[in-house]
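Reproduced below: structure16.txt, with compact mmCIF, C-alpha atoms and all ligand atoms.
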```txt
# COMPACT_ATOMS: atom_id res chain seq x y z
CA MET N 1 17.03 -17.89 1.44
CA ASN N 2 13.49 -17.70 0.10
CA ILE N 3 12.08 -14.99 -2.17
CA LEU N 4 8.73 -13.53 -1.12
CA ASP N 5 7.20 -13.41 -4.58
CA GLY N 6 4.71 -10.55 -4.51
CA LYS N 7 3.93 -10.80 -8.19
CA GLN N 8 2.85 -14.43 -8.01
CA THR N 9 1.00 -13.97 -4.69
CA ALA N 10 -0.85 -10.92 -6.02
CA SER N 11 -1.87 -12.86 -9.16
CA ALA N 12 -3.28 -15.66 -6.99
CA ILE N 13 -5.25 -13.20 -4.83
CA LYS N 14 -6.59 -11.35 -7.89
CA ALA N 15 -7.77 -14.69 -9.33
CA GLU N 16 -9.62 -15.39 -6.05
CA ILE N 17 -11.23 -11.95 -6.17
CA ALA N 18 -12.23 -12.46 -9.83
CA GLU N 19 -13.87 -15.77 -8.90
CA GLU N 20 -15.86 -14.06 -6.14
CA VAL N 21 -16.93 -11.28 -8.54
CA THR N 22 -18.07 -13.90 -11.08
CA GLN N 23 -20.29 -15.43 -8.38
CA MET N 24 -21.67 -11.99 -7.45
CA ILE N 25 -22.61 -11.35 -11.06
CA GLU N 26 -24.21 -14.80 -11.36
CA ARG N 27 -26.38 -13.89 -8.38
CA GLY N 28 -27.47 -10.77 -10.29
CA GLU N 29 -25.38 -8.37 -8.21
CA ARG N 30 -23.38 -5.47 -9.61
CA ALA N 31 -19.58 -5.76 -9.91
CA PRO N 32 -17.47 -3.54 -7.61
CA HIS N 33 -16.72 -0.09 -9.06
CA LEU N 34 -13.49 1.80 -8.28
CA VAL N 35 -12.90 5.40 -9.37
CA ALA N 36 -9.42 6.95 -9.50
CA ILE N 37 -8.87 10.70 -9.61
CA LEU N 38 -5.62 11.78 -11.25
CA VAL N 39 -4.57 15.44 -11.19
CA GLY N 40 -1.79 16.57 -13.55
CA HIS N 41 0.73 14.41 -15.41
CA ASP N 42 3.29 13.16 -12.89
CA GLY N 43 5.05 10.12 -14.46
CA GLY N 44 4.97 7.99 -11.33
CA SER N 45 1.29 8.74 -10.63
CA GLU N 46 0.32 8.04 -14.27
CA SER N 47 1.92 4.61 -14.10
CA TYR N 48 0.49 3.74 -10.65
CA VAL N 49 -3.02 4.68 -11.76
CA ALA N 50 -2.67 2.75 -15.04
CA ASN N 51 -1.68 -0.34 -13.01
CA LYS N 52 -4.68 0.12 -10.72
CA VAL N 53 -7.05 0.29 -13.70
CA LYS N 54 -5.39 -2.84 -15.15
CA ALA N 55 -5.84 -4.68 -11.84
CA CYS N 56 -9.55 -3.76 -11.85
CA GLU N 57 -9.89 -5.47 -15.24
CA ALA N 58 -8.13 -8.59 -13.91
CA CYS N 59 -10.57 -8.72 -10.98
CA GLY N 60 -13.71 -8.15 -13.07
CA PHE N 61 -14.34 -4.73 -11.47
CA ASN N 62 -15.71 -1.66 -13.18
CA SER N 63 -13.26 1.23 -13.07
CA SER N 64 -13.32 4.89 -14.02
CA LEU N 65 -10.42 7.29 -14.34
CA LEU N 66 -11.21 10.97 -13.77
CA ARG N 67 -8.42 13.19 -15.06
CA PHE N 68 -7.98 16.86 -14.23
CA ASN N 69 -5.35 19.40 -15.22
CA ASP N 70 -3.04 20.59 -12.47
CA ASP N 71 -4.73 24.01 -12.48
CA ILE N 72 -7.93 22.53 -10.97
CA THR N 73 -8.81 24.52 -7.84
CA GLU N 74 -9.07 22.92 -4.44
CA GLN N 75 -12.79 23.73 -4.35
CA GLN N 76 -13.40 22.11 -7.76
CA LEU N 77 -11.65 18.95 -6.53
CA LEU N 78 -13.69 18.98 -3.31
CA ASP N 79 -16.87 19.32 -5.42
CA GLU N 80 -15.84 16.23 -7.47
CA ILE N 81 -15.26 14.29 -4.25
CA LYS N 82 -18.70 15.29 -2.96
CA LYS N 83 -20.27 13.93 -6.19
CA LEU N 84 -18.45 10.60 -5.78
CA ASN N 85 -19.43 10.41 -2.09
CA GLU N 86 -23.07 10.69 -3.14
CA ASP N 87 -22.89 8.41 -6.22
CA ALA N 88 -24.48 5.07 -5.26
CA ASP N 89 -22.87 3.48 -8.34
CA VAL N 90 -19.36 4.08 -6.90
CA ASP N 91 -18.16 1.71 -4.16
CA GLY N 92 -14.78 3.26 -3.54
CA PHE N 93 -12.47 5.93 -4.90
CA ILE N 94 -8.94 7.21 -4.53
CA VAL N 95 -7.29 10.55 -5.18
CA GLN N 96 -3.80 9.77 -6.41
CA LEU N 97 -1.12 11.62 -4.43
CA PRO N 98 0.89 13.81 -4.59
CA LEU N 99 -1.39 16.71 -5.51
CA PRO N 100 -0.23 20.11 -6.84
CA LYS N 101 1.08 22.41 -4.09
CA HIS N 102 -1.93 24.74 -4.11
CA ILE N 103 -4.20 21.87 -2.97
CA ASN N 104 -4.25 20.80 0.68
CA GLU N 105 -3.91 16.98 0.62
CA GLN N 106 -5.25 16.53 4.15
CA LYS N 107 -8.34 18.58 3.36
CA VAL N 108 -8.94 16.40 0.29
CA THR N 109 -8.43 13.16 2.27
CA ASP N 110 -10.78 14.38 5.01
CA ALA N 111 -13.48 15.14 2.40
CA ILE N 112 -13.70 11.51 1.23
CA ASP N 113 -16.53 9.51 2.82
CA PHE N 114 -14.64 7.03 5.04
CA ARG N 115 -16.97 4.25 3.78
CA LYS N 116 -15.55 4.80 0.26
CA ASP N 117 -11.96 5.51 1.36
CA VAL N 118 -10.38 2.36 -0.13
CA ASP N 119 -6.88 3.88 0.29
CA GLY N 120 -7.46 3.77 4.06
CA PHE N 121 -6.05 7.31 4.48
CA HIS N 122 -9.09 8.95 6.16
CA PRO N 123 -8.55 9.72 9.87
CA ILE N 124 -11.56 7.51 10.76
CA ASN N 125 -9.99 4.48 9.04
CA VAL N 126 -6.58 5.27 10.55
CA GLY N 127 -8.17 5.54 14.00
CA ARG N 128 -10.17 2.34 13.57
CA LEU N 129 -7.00 0.47 12.57
CA SER N 130 -5.26 1.86 15.63
CA ILE N 131 -7.87 0.41 18.02
CA GLY N 132 -8.37 -2.83 16.10
CA LEU N 133 -11.81 -2.15 14.60
CA PRO N 134 -12.79 -3.21 11.05
CA GLY N 135 -12.03 -0.56 8.44
CA PHE N 136 -10.00 0.05 5.32
CA ARG N 137 -6.30 -0.63 5.84
CA SER N 138 -3.66 1.37 3.99
CA ALA N 139 -2.82 -0.79 0.97
CA THR N 140 0.96 -1.24 1.32
CA PRO N 141 0.91 -2.39 4.97
CA ALA N 142 -2.09 -4.65 4.29
CA GLY N 143 -0.22 -6.18 1.31
CA ILE N 144 2.85 -6.85 3.47
CA MET N 145 0.70 -8.62 6.09
CA ASP N 146 -0.92 -10.75 3.36
CA LEU N 147 2.50 -11.73 2.01
CA ILE N 148 3.70 -12.72 5.50
CA GLU N 149 0.49 -14.72 6.05
CA ARG N 150 0.55 -16.52 2.69
CA TYR N 151 4.14 -17.63 3.23
CA GLY N 152 3.27 -18.92 6.72
CA ILE N 153 5.91 -16.78 8.43
CA GLU N 154 5.67 -16.96 12.23
CA THR N 155 5.53 -13.45 13.74
CA LYS N 156 4.29 -14.02 17.30
CA GLY N 157 6.80 -12.69 19.84
CA LYS N 158 9.27 -11.64 17.14
CA HIS N 159 11.11 -8.32 17.16
CA ALA N 160 10.08 -6.29 14.10
CA VAL N 161 12.03 -3.16 13.20
CA VAL N 162 10.26 -0.65 10.95
CA LEU N 163 12.45 1.89 9.19
CA GLY N 164 10.38 5.00 8.39
CA ARG N 165 7.38 6.64 10.09
CA SER N 166 5.22 7.79 7.18
CA ASN N 167 1.45 7.91 7.60
CA ILE N 168 0.87 5.51 4.70
CA VAL N 169 3.50 2.84 5.44
CA GLY N 170 5.69 3.16 8.56
CA LYS N 171 3.03 3.97 11.16
CA PRO N 172 0.31 1.57 9.91
CA ILE N 173 2.68 -1.40 9.38
CA ALA N 174 3.98 -0.87 12.94
CA THR N 175 0.38 -0.92 14.18
CA LEU N 176 -0.49 -4.09 12.24
CA LEU N 177 2.65 -5.93 13.35
CA MET N 178 1.97 -5.16 17.02
CA GLN N 179 -1.77 -6.02 16.79
CA LYS N 180 -2.91 -9.04 18.82
CA ALA N 181 -3.53 -11.14 15.71
CA GLN N 182 -1.93 -13.65 13.38
CA PRO N 183 0.15 -12.42 11.68
CA GLY N 184 1.01 -9.82 14.30
CA ASP N 185 1.88 -10.06 17.99
CA CYS N 186 5.36 -8.63 17.36
CA THR N 187 7.44 -6.37 19.57
CA VAL N 188 7.90 -3.36 17.28
CA THR N 189 10.62 -0.72 17.13
CA VAL N 190 10.11 2.21 14.74
CA CYS N 191 13.28 3.95 13.54
CA HIS N 192 13.43 7.28 11.71
CA SER N 193 15.79 10.07 10.71
CA SER N 194 16.53 11.04 14.34
CA THR N 195 17.11 7.48 15.59
CA ARG N 196 20.54 6.83 17.04
CA ASN N 197 22.14 3.37 16.62
CA ILE N 198 19.97 2.28 13.66
CA LYS N 199 22.52 -0.39 12.70
CA GLU N 200 22.56 -1.91 16.18
CA ILE N 201 18.76 -1.89 16.41
CA CYS N 202 18.43 -3.57 12.99
CA ARG N 203 20.90 -6.27 14.02
CA GLU N 204 18.45 -7.23 16.80
CA ALA N 205 15.55 -7.60 14.36
CA ASP N 206 13.82 -10.84 13.39
CA ILE N 207 11.83 -8.87 10.82
CA ILE N 208 12.94 -5.64 9.09
CA VAL N 209 10.49 -3.49 7.11
CA ALA N 210 12.46 -0.86 5.18
CA ALA N 211 10.30 2.08 4.12
CA LEU N 212 12.61 5.09 4.04
CA GLY N 213 12.93 5.76 0.32
CA ARG N 214 16.74 5.63 0.54
CA PRO N 215 18.19 3.23 -2.06
CA GLY N 216 20.43 0.50 -0.64
CA PHE N 217 20.18 1.84 2.97
CA VAL N 218 19.97 -1.63 4.58
CA THR N 219 23.37 -3.26 4.23
CA GLU N 220 24.57 -6.76 5.03
CA ASP N 221 26.15 -5.72 8.37
CA MET N 222 22.69 -4.57 9.63
CA VAL N 223 20.96 -7.92 9.20
CA LYS N 224 20.92 -10.86 11.63
CA PRO N 225 21.30 -14.28 9.97
CA GLY N 226 17.84 -15.76 9.30
CA ALA N 227 15.99 -12.42 9.41
CA VAL N 228 12.93 -11.66 7.27
CA VAL N 229 13.51 -8.51 5.18
CA ILE N 230 10.65 -6.60 3.56
CA ASP N 231 11.70 -3.85 1.14
CA VAL N 232 9.13 -1.11 0.49
CA GLY N 233 11.51 1.22 -1.36
CA THR N 234 10.74 2.13 -4.98
CA THR N 235 13.08 5.00 -5.80
CA ARG N 236 13.44 5.75 -9.51
CA VAL N 237 17.15 5.74 -10.33
CA PRO N 238 18.29 6.98 -13.80
CA ASP N 239 19.36 4.04 -16.01
CA ALA N 240 20.22 4.75 -19.63
CA SER N 241 20.14 1.03 -20.48
CA ARG N 242 16.36 0.88 -19.83
CA LYS N 243 13.72 1.89 -22.31
CA SER N 244 11.99 3.93 -19.57
CA GLY N 245 15.28 5.66 -18.67
CA PHE N 246 15.10 4.51 -15.02
CA ARG N 247 14.99 1.46 -12.79
CA LEU N 248 13.29 0.94 -9.45
CA CYS N 249 15.69 0.71 -6.55
CA GLY N 250 14.74 -0.70 -3.14
CA ASP N 251 15.92 0.41 0.32
CA VAL N 252 17.85 -2.85 0.75
CA ASP N 253 21.24 -3.80 -0.77
CA PHE N 254 19.58 -6.97 -2.09
CA ASP N 255 22.61 -8.78 -3.56
CA ASN N 256 24.58 -8.70 -0.32
CA VAL N 257 21.67 -8.93 2.15
CA ALA N 258 19.66 -11.74 0.51
CA PRO N 259 22.10 -14.61 1.31
CA LYS N 260 21.72 -13.88 5.06
CA CYS N 261 17.90 -13.83 5.10
CA SER N 262 15.32 -16.54 5.66
CA TYR N 263 12.91 -14.55 3.46
CA ILE N 264 13.32 -11.36 1.43
CA THR N 265 11.17 -9.35 -1.01
CA PRO N 266 12.67 -8.35 -4.37
CA VAL N 267 12.27 -4.89 -5.95
CA PRO N 268 10.40 -4.86 -8.24
CA GLY N 269 8.04 -7.82 -7.82
CA GLY N 270 7.76 -7.84 -4.02
CA VAL N 271 5.65 -5.34 -2.09
CA GLY N 272 4.57 -3.28 -5.13
CA PRO N 273 2.15 -5.82 -6.70
CA MET N 274 0.74 -6.64 -3.24
CA THR N 275 -0.14 -2.96 -2.67
CA ILE N 276 -2.39 -2.83 -5.73
CA CYS N 277 -3.91 -6.15 -4.74
CA SER N 278 -4.88 -4.72 -1.33
CA LEU N 279 -6.63 -1.84 -3.06
CA MET N 280 -8.67 -4.44 -4.97
CA LYS N 281 -9.47 -6.28 -1.71
CA ASN N 282 -10.60 -3.00 -0.13
CA THR N 283 -12.80 -2.22 -3.14
CA LEU N 284 -14.45 -5.65 -2.93
CA LEU N 285 -15.01 -5.05 0.81
CA ALA N 286 -16.50 -1.63 0.03
CA ARG N 287 -18.93 -3.29 -2.38
CA LYS N 288 -19.93 -5.88 0.22
CA GLY N 289 -19.98 -3.33 3.09
CA ILE N 290 -17.72 -3.57 6.12
CA PHE N 291 -19.10 -0.94 8.48
N1 LIG O 301 0.72 7.92 -3.98
C1 LIG O 301 1.65 7.00 -3.63
N2 LIG O 301 1.06 5.92 -3.09
C2 LIG O 301 -0.27 6.15 -3.11
C3 LIG O 301 -1.39 5.39 -2.70
O1 LIG O 301 -1.30 4.28 -2.18
N3 LIG O 301 -2.61 5.98 -2.89
C4 LIG O 301 -2.74 7.22 -3.41
N4 LIG O 301 -3.97 7.72 -3.53
N5 LIG O 301 -1.71 7.95 -3.81
C5 LIG O 301 -0.49 7.41 -3.65
```
Final structure tokens representation of the file:
Amino acid sequence: MNILDGKQTASAIKAEIAEEVTQMIERGERAPHLVAILVGHDGGSESYVANKVKACEACGFNSSLLRFNDDITEQQLLDEIKKLNEDADVDGFIVQLPLPKHINEQKVTDAIDFRKDVDGFHPINVGRLSIGLPGFRSATPAGIMDLIERYGIETKGKHAVVLGRSNIVGKPIATLLMQKAQPGDCTVTVCHSSTRNIKEICREADIIVAALGRPGFVTEDMVKPGAVVIDVGTTRVPDASRKSGFRLCGDVDFDNVAPKCSYITPVPGGVGPMTICSLMKNTLLARKGIF
């Protein structure tokens, strides 16, 4: 069994990005600039955004954090997005989700200029991914593909089973795995809450991507010997022994599943660090221009 070390892989990629940014600056070019919008004080969102700002520093990017109280109106937020769309000094920006209930998240996503949509959530980027055109890829699926590529895992002709059909992980990772590319070229099955025989389908999988948000869902009896298991789950489970009061729990029963796998991602330290790294890659691409 081999661990897919997302922390180490992400560090290596960030060092490569930092090197490229150093060269850009030596040529007299401006460093990439990422802006993050954070509305309210959700604990998870605060920590994700802080990690994104930290990653910008590691890559030599400029970053700005725009904070708003959760009573900001939808129109005020749309006005802020318009300003960022028009600001030539900003290469890419993200609006951290979830947003307060009175704000329509789809309307906000649609308002972002797709050329600055480094989260890859805008319908134009989603559509471009779907038909294999260049565009910004959603960060978690892109990070998973990078991890698979860096570890030299063969995917061509393999059966990949994706658990979960969310717009930001399940659907785009299924699209990337089926794409005629390396890595890619898989036969993909997507399972969700209405799927019958999930256990039997998983047992047929060469690659399992678990993105349901249900701690410990994938058990040892669902995994074929030698399978590759990618765990996207990051549920916060109360843990009084931790300073934070919680620990992150993946969708895979790691202790019992790991011995059967050829490769497996840990939680934390697997997919999570790769996700932030993909956001950095997208921001660098935004600076260089991909459309
Ligand atoms: N909330 C949870 N994941 C993400 C993400 O990747 N981007 C944004 N903007 N919000 C999120």
Could you produce a table of the residues of chain N lying within 6 Å of ligand LIG 301 (chain O), with the nearest pair of atoms per residue and their separation in Å rounded to one decimal, using only C-alpha atoms and all ligand atoms, ordered by chain and increasing residue number, as CSV?
```
residue,atom,partner,partner_atom,distance
N:Ile94,CA,O:LIG301,N4,5.1
N:Val95,CA,O:LIG301,N4,4.7
N:Gln96,CA,O:LIG301,N4,3.5
N:Leu97,CA,O:LIG301,N5,3.8
N:Pro98,CA,O:LIG301,N1,5.9
N:Asp119,CA,O:LIG301,N3,5.7
```
Create the file for the chosen residues now, containing C-alpha atoms and written as a PDB file, in the coordinates of the input.
```pdb
ATOM      1  CA  ILE N  94      -8.940   7.210  -4.530  1.00  0.00           C
ATOM      2  CA  VAL N  95      -7.290  10.550  -5.180  1.00  0.00           C
ATOM      3  CA  GLN N  96      -3.800   9.770  -6.410  1.00  0.00           C
ATOM      4  CA  LEU N  97      -1.120  11.620  -4.430  1.00  0.00           C
ATOM      5  CA  PRO N  98       0.890  13.810  -4.590  1.00  0.00           C
ATOM      6  CA  ASP N 119      -6.880   3.880   0.290  1.00  0.00           C
TER       7      ASP N 119
END
```
message: Within 12 Å of (-1.8, 17.6, -5.1) in the file's own coordinates, which protein, DNA or RNA residues have an atom, counting all atoms listed in the file? List them as a ChimeraX atom specification.
response: /N:37-42,45,68-74,77,95-109
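Here CA of Ala15 (chain N) is placed at a distance of 12.1 Å from CA of Phe61 (chain N).
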Closest atom pairs, residues of region 46-162 of chain N within 9 Å of region 223-238 of chain N, all atoms listed in the file, as a tab-separated table:
```
residue	atom	partner	partner_atom	distance
N:Thr140	CA	N:Val232	CA	8.2
N:Ile144	CA	N:Ile230	CA	7.8
N:Ile153	CA	N:Val228	CA	8.8
```
message: I'd like the neighbourhood of Lys180 (chain N) as a list in words, where a residue qualifies if any of its atoms comes within 12 Å (using all atoms listed in the file), though same-chain residues fewer than 3 positions away should be ignored.
response: Ser130, Ile131, Gly132, Thr155, Lys156, Gly157, Thr175, Leu176, Leu177, Pro183, Gly184, Asp185, Cys186 and Thr187 of chain N
Quick one: which region 138-197 of chain N residues come within 6 Å of region 203-212 of chain N, and what is the nearest atom pair for each with the distance in Å to one decimal, counting all atoms listed in the file, rows ordered by chain and ascending number, as JSON lines?
```
{"residue": "N:Lys158", "atom": "CA", "partner": "N:Asp206", "partner_atom": "CA", "distance": 6.0}
{"residue": "N:His159", "atom": "CA", "partner": "N:Asp206", "partner_atom": "CA", "distance": 5.3}
{"residue": "N:Ala160", "atom": "CA", "partner": "N:Ile207", "partner_atom": "CA", "distance": 4.5}
{"residue": "N:Val161", "atom": "CA", "partner": "N:Ile208", "partner_atom": "CA", "distance": 4.9}
{"residue": "N:Val162", "atom": "CA", "partner": "N:Val209", "partner_atom": "CA", "distance": 4.8}
{"residue": "N:Leu163", "atom": "CA", "partner": "N:Ala210", "partner_atom": "CA", "distance": 4.9}
{"residue": "N:Gly164", "atom": "CA", "partner": "N:Leu212", "partner_atom": "CA", "distance": 4.9}
```
Please, could you write that set of residues out with C-alpha atoms as an mmCIF file, keeping the file's coordinate frame?
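Dumped to result_13.cif:
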```
data_model
loop_
_atom_site.group_PDB
_atom_site.id
_atom_site.type_symbol
_atom_site.label_atom_id
_atom_site.label_comp_id
_atom_site.auth_asym_id
_atom_site.auth_seq_id
_atom_site.Cartn_x
_atom_site.Cartn_y
_atom_site.Cartn_z
ATOM 1 C CA LYS N 158 9.270 -11.640 17.140
ATOM 2 C CA HIS N 159 11.110 -8.320 17.160
ATOM 3 C CA ALA N 160 10.080 -6.290 14.100
ATOM 4 C CA VAL N 161 12.030 -3.160 13.200
ATOM 5 C CA VAL N 162 10.260 -0.650 10.950
ATOM 6 C CA LEU N 163 12.450 1.890 9.190
ATOM 7 C CA GLY N 164 10.380 5.000 8.390
#
```
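Using only C-alpha atoms, the protein and nucleic acid residues lying no more than 10 Å from Glu57 (chain N), apart from those fewer than 6 places from it along its own chain, are Lys14, Ala18, Asn51 and Ser63 of chain N.
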Output for the residues just chosen: C-alpha atoms as an mmCIF file, in the coordinates of the input:
```cif
data_model
loop_
_atom_site.group_PDB
_atom_site.id
_atom_site.type_symbol
_atom_site.label_atom_id
_atom_site.label_comp_id
_atom_site.auth_asym_id
_atom_site.auth_seq_id
_atom_site.Cartn_x
_atom_site.Cartn_y
_atom_site.Cartn_z
ATOM 1 C CA LYS N 14 -6.590 -11.350 -7.890
ATOM 2 C CA ALA N 18 -12.230 -12.460 -9.830
ATOM 3 C CA ASN N 51 -1.680 -0.340 -13.010
ATOM 4 C CA SER N 63 -13.260 1.230 -13.070
#
```
Got a sec to write region 210-220 of chain N of the block to a file, all heavy atoms, as a PDB file, in the first residue's frame?
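Printed below is result29.pdb as written:
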```pdb
ATOM      1  N   ALA N 210     -14.235   9.031  -3.385  1.00  0.00           N
ATOM      2  CA  ALA N 210     -15.331   9.159  -2.421  1.00  0.00           C
ATOM      3  C   ALA N 210     -15.541  10.624  -2.073  1.00  0.00           C
ATOM      4  O   ALA N 210     -14.670  11.257  -1.466  1.00  0.00           O
ATOM      5  CB  ALA N 210     -15.009   8.344  -1.168  1.00  0.00           C
ATOM      6  N   ALA N 211     -16.677  11.169  -2.499  1.00  0.00           N
ATOM      7  CA  ALA N 211     -16.957  12.595  -2.280  1.00  0.00           C
ATOM      8  C   ALA N 211     -18.418  12.778  -1.883  1.00  0.00           C
ATOM      9  O   ALA N 211     -19.182  13.467  -2.536  1.00  0.00           O
ATOM     10  CB  ALA N 211     -16.634  13.387  -3.548  1.00  0.00           C
ATOM     11  N   LEU N 212     -18.782  12.124  -0.785  1.00  0.00           N
ATOM     12  CA  LEU N 212     -20.169  12.154  -0.312  1.00  0.00           C
ATOM     13  C   LEU N 212     -20.342  13.032   0.916  1.00  0.00           C
ATOM     14  O   LEU N 212     -21.444  13.463   1.220  1.00  0.00           O
ATOM     15  CB  LEU N 212     -20.605  10.747   0.116  1.00  0.00           C
ATOM     16  CG  LEU N 212     -20.560   9.600  -0.853  1.00  0.00           C
ATOM     17  CD1 LEU N 212     -20.086   8.350  -0.141  1.00  0.00           C
ATOM     18  CD2 LEU N 212     -21.933   9.380  -1.431  1.00  0.00           C
ATOM     19  N   GLY N 213     -19.242  13.218   1.675  1.00  0.00           N
ATOM     20  CA  GLY N 213     -19.362  13.918   2.950  1.00  0.00           C
ATOM     21  C   GLY N 213     -20.008  13.059   4.019  1.00  0.00           C
ATOM     22  O   GLY N 213     -20.715  13.558   4.886  1.00  0.00           O
ATOM     23  N   ARG N 214     -19.780  11.733   3.935  1.00  0.00           N
ATOM     24  CA  ARG N 214     -20.310  10.819   4.969  1.00  0.00           C
ATOM     25  C   ARG N 214     -19.148  10.043   5.580  1.00  0.00           C
ATOM     26  O   ARG N 214     -18.611   9.110   4.951  1.00  0.00           O
ATOM     27  CB  ARG N 214     -21.349   9.870   4.352  1.00  0.00           C
ATOM     28  CG  ARG N 214     -22.636  10.633   3.992  1.00  0.00           C
ATOM     29  CD  ARG N 214     -23.631   9.778   3.282  1.00  0.00           C
ATOM     30  NE  ARG N 214     -24.068   8.608   4.059  1.00  0.00           N
ATOM     31  CZ  ARG N 214     -24.961   7.732   3.606  1.00  0.00           C
ATOM     32  NH1 ARG N 214     -25.491   7.873   2.415  1.00  0.00           N
ATOM     33  NH2 ARG N 214     -25.313   6.715   4.354  1.00  0.00           N
ATOM     34  N   PRO N 215     -18.724  10.446   6.800  1.00  0.00           N
ATOM     35  CA  PRO N 215     -17.532   9.860   7.415  1.00  0.00           C
ATOM     36  C   PRO N 215     -17.548   8.335   7.444  1.00  0.00           C
ATOM     37  O   PRO N 215     -18.546   7.733   7.847  1.00  0.00           O
ATOM     38  CB  PRO N 215     -17.549  10.434   8.841  1.00  0.00           C
ATOM     39  CG  PRO N 215     -18.345  11.685   8.751  1.00  0.00           C
ATOM     40  CD  PRO N 215     -19.360  11.457   7.659  1.00  0.00           C
ATOM     41  N   GLY N 216     -16.439   7.738   7.005  1.00  0.00           N
ATOM     42  CA  GLY N 216     -16.265   6.291   7.078  1.00  0.00           C
ATOM     43  C   GLY N 216     -17.193   5.478   6.197  1.00  0.00           C
ATOM     44  O   GLY N 216     -17.338   4.269   6.382  1.00  0.00           O
ATOM     45  N   PHE N 217     -17.816   6.089   5.177  1.00  0.00           N
ATOM     46  CA  PHE N 217     -18.806   5.387   4.326  1.00  0.00           C
ATOM     47  C   PHE N 217     -18.188   4.198   3.591  1.00  0.00           C
ATOM     48  O   PHE N 217     -18.793   3.137   3.474  1.00  0.00           O
ATOM     49  CB  PHE N 217     -19.411   6.375   3.319  1.00  0.00           C
ATOM     50  CG  PHE N 217     -20.450   5.756   2.420  1.00  0.00           C
ATOM     51  CD1 PHE N 217     -21.776   5.699   2.819  1.00  0.00           C
ATOM     52  CD2 PHE N 217     -20.099   5.222   1.177  1.00  0.00           C
ATOM     53  CE1 PHE N 217     -22.745   5.121   1.996  1.00  0.00           C
ATOM     54  CE2 PHE N 217     -21.062   4.636   0.351  1.00  0.00           C
ATOM     55  CZ  PHE N 217     -22.380   4.587   0.763  1.00  0.00           C
ATOM     56  N   VAL N 218     -16.971   4.375   3.071  1.00  0.00           N
ATOM     57  CA  VAL N 218     -16.340   3.299   2.278  1.00  0.00           C
ATOM     58  C   VAL N 218     -15.628   2.339   3.230  1.00  0.00           C
ATOM     59  O   VAL N 218     -14.640   2.696   3.868  1.00  0.00           O
ATOM     60  CB  VAL N 218     -15.347   3.864   1.239  1.00  0.00           C
ATOM     61  CG1 VAL N 218     -14.665   2.730   0.475  1.00  0.00           C
ATOM     62  CG2 VAL N 218     -16.064   4.804   0.266  1.00  0.00           C
ATOM     63  N   THR N 219     -16.184   1.129   3.306  1.00  0.00           N
ATOM     64  CA  THR N 219     -15.627   0.137   4.224  1.00  0.00           C
ATOM     65  C   THR N 219     -14.830  -0.924   3.451  1.00  0.00           C
ATOM     66  O   THR N 219     -14.925  -1.007   2.218  1.00  0.00           O
ATOM     67  CB  THR N 219     -16.768  -0.526   5.032  1.00  0.00           C
ATOM     68  OG1 THR N 219     -17.801  -0.896   4.114  1.00  0.00           O
ATOM     69  CG2 THR N 219     -17.337   0.432   6.062  1.00  0.00           C
ATOM     70  N   GLU N 220     -14.098  -1.708   4.212  1.00  0.00           N
ATOM     71  CA  GLU N 220     -13.162  -2.684   3.632  1.00  0.00           C
ATOM     72  C   GLU N 220     -13.845  -3.643   2.654  1.00  0.00           C
ATOM     73  O   GLU N 220     -13.289  -3.987   1.602  1.00  0.00           O
ATOM     74  CB  GLU N 220     -12.502  -3.413   4.817  1.00  0.00           C
ATOM     75  CG  GLU N 220     -11.576  -4.536   4.492  1.00  0.00           C
ATOM     76  CD  GLU N 220     -12.325  -5.856   4.429  1.00  0.00           C
ATOM     77  OE1 GLU N 220     -13.337  -6.024   5.145  1.00  0.00           O
ATOM     78  OE2 GLU N 220     -11.887  -6.698   3.624  1.00  0.00           O
TER      79      GLU N 220
END
```
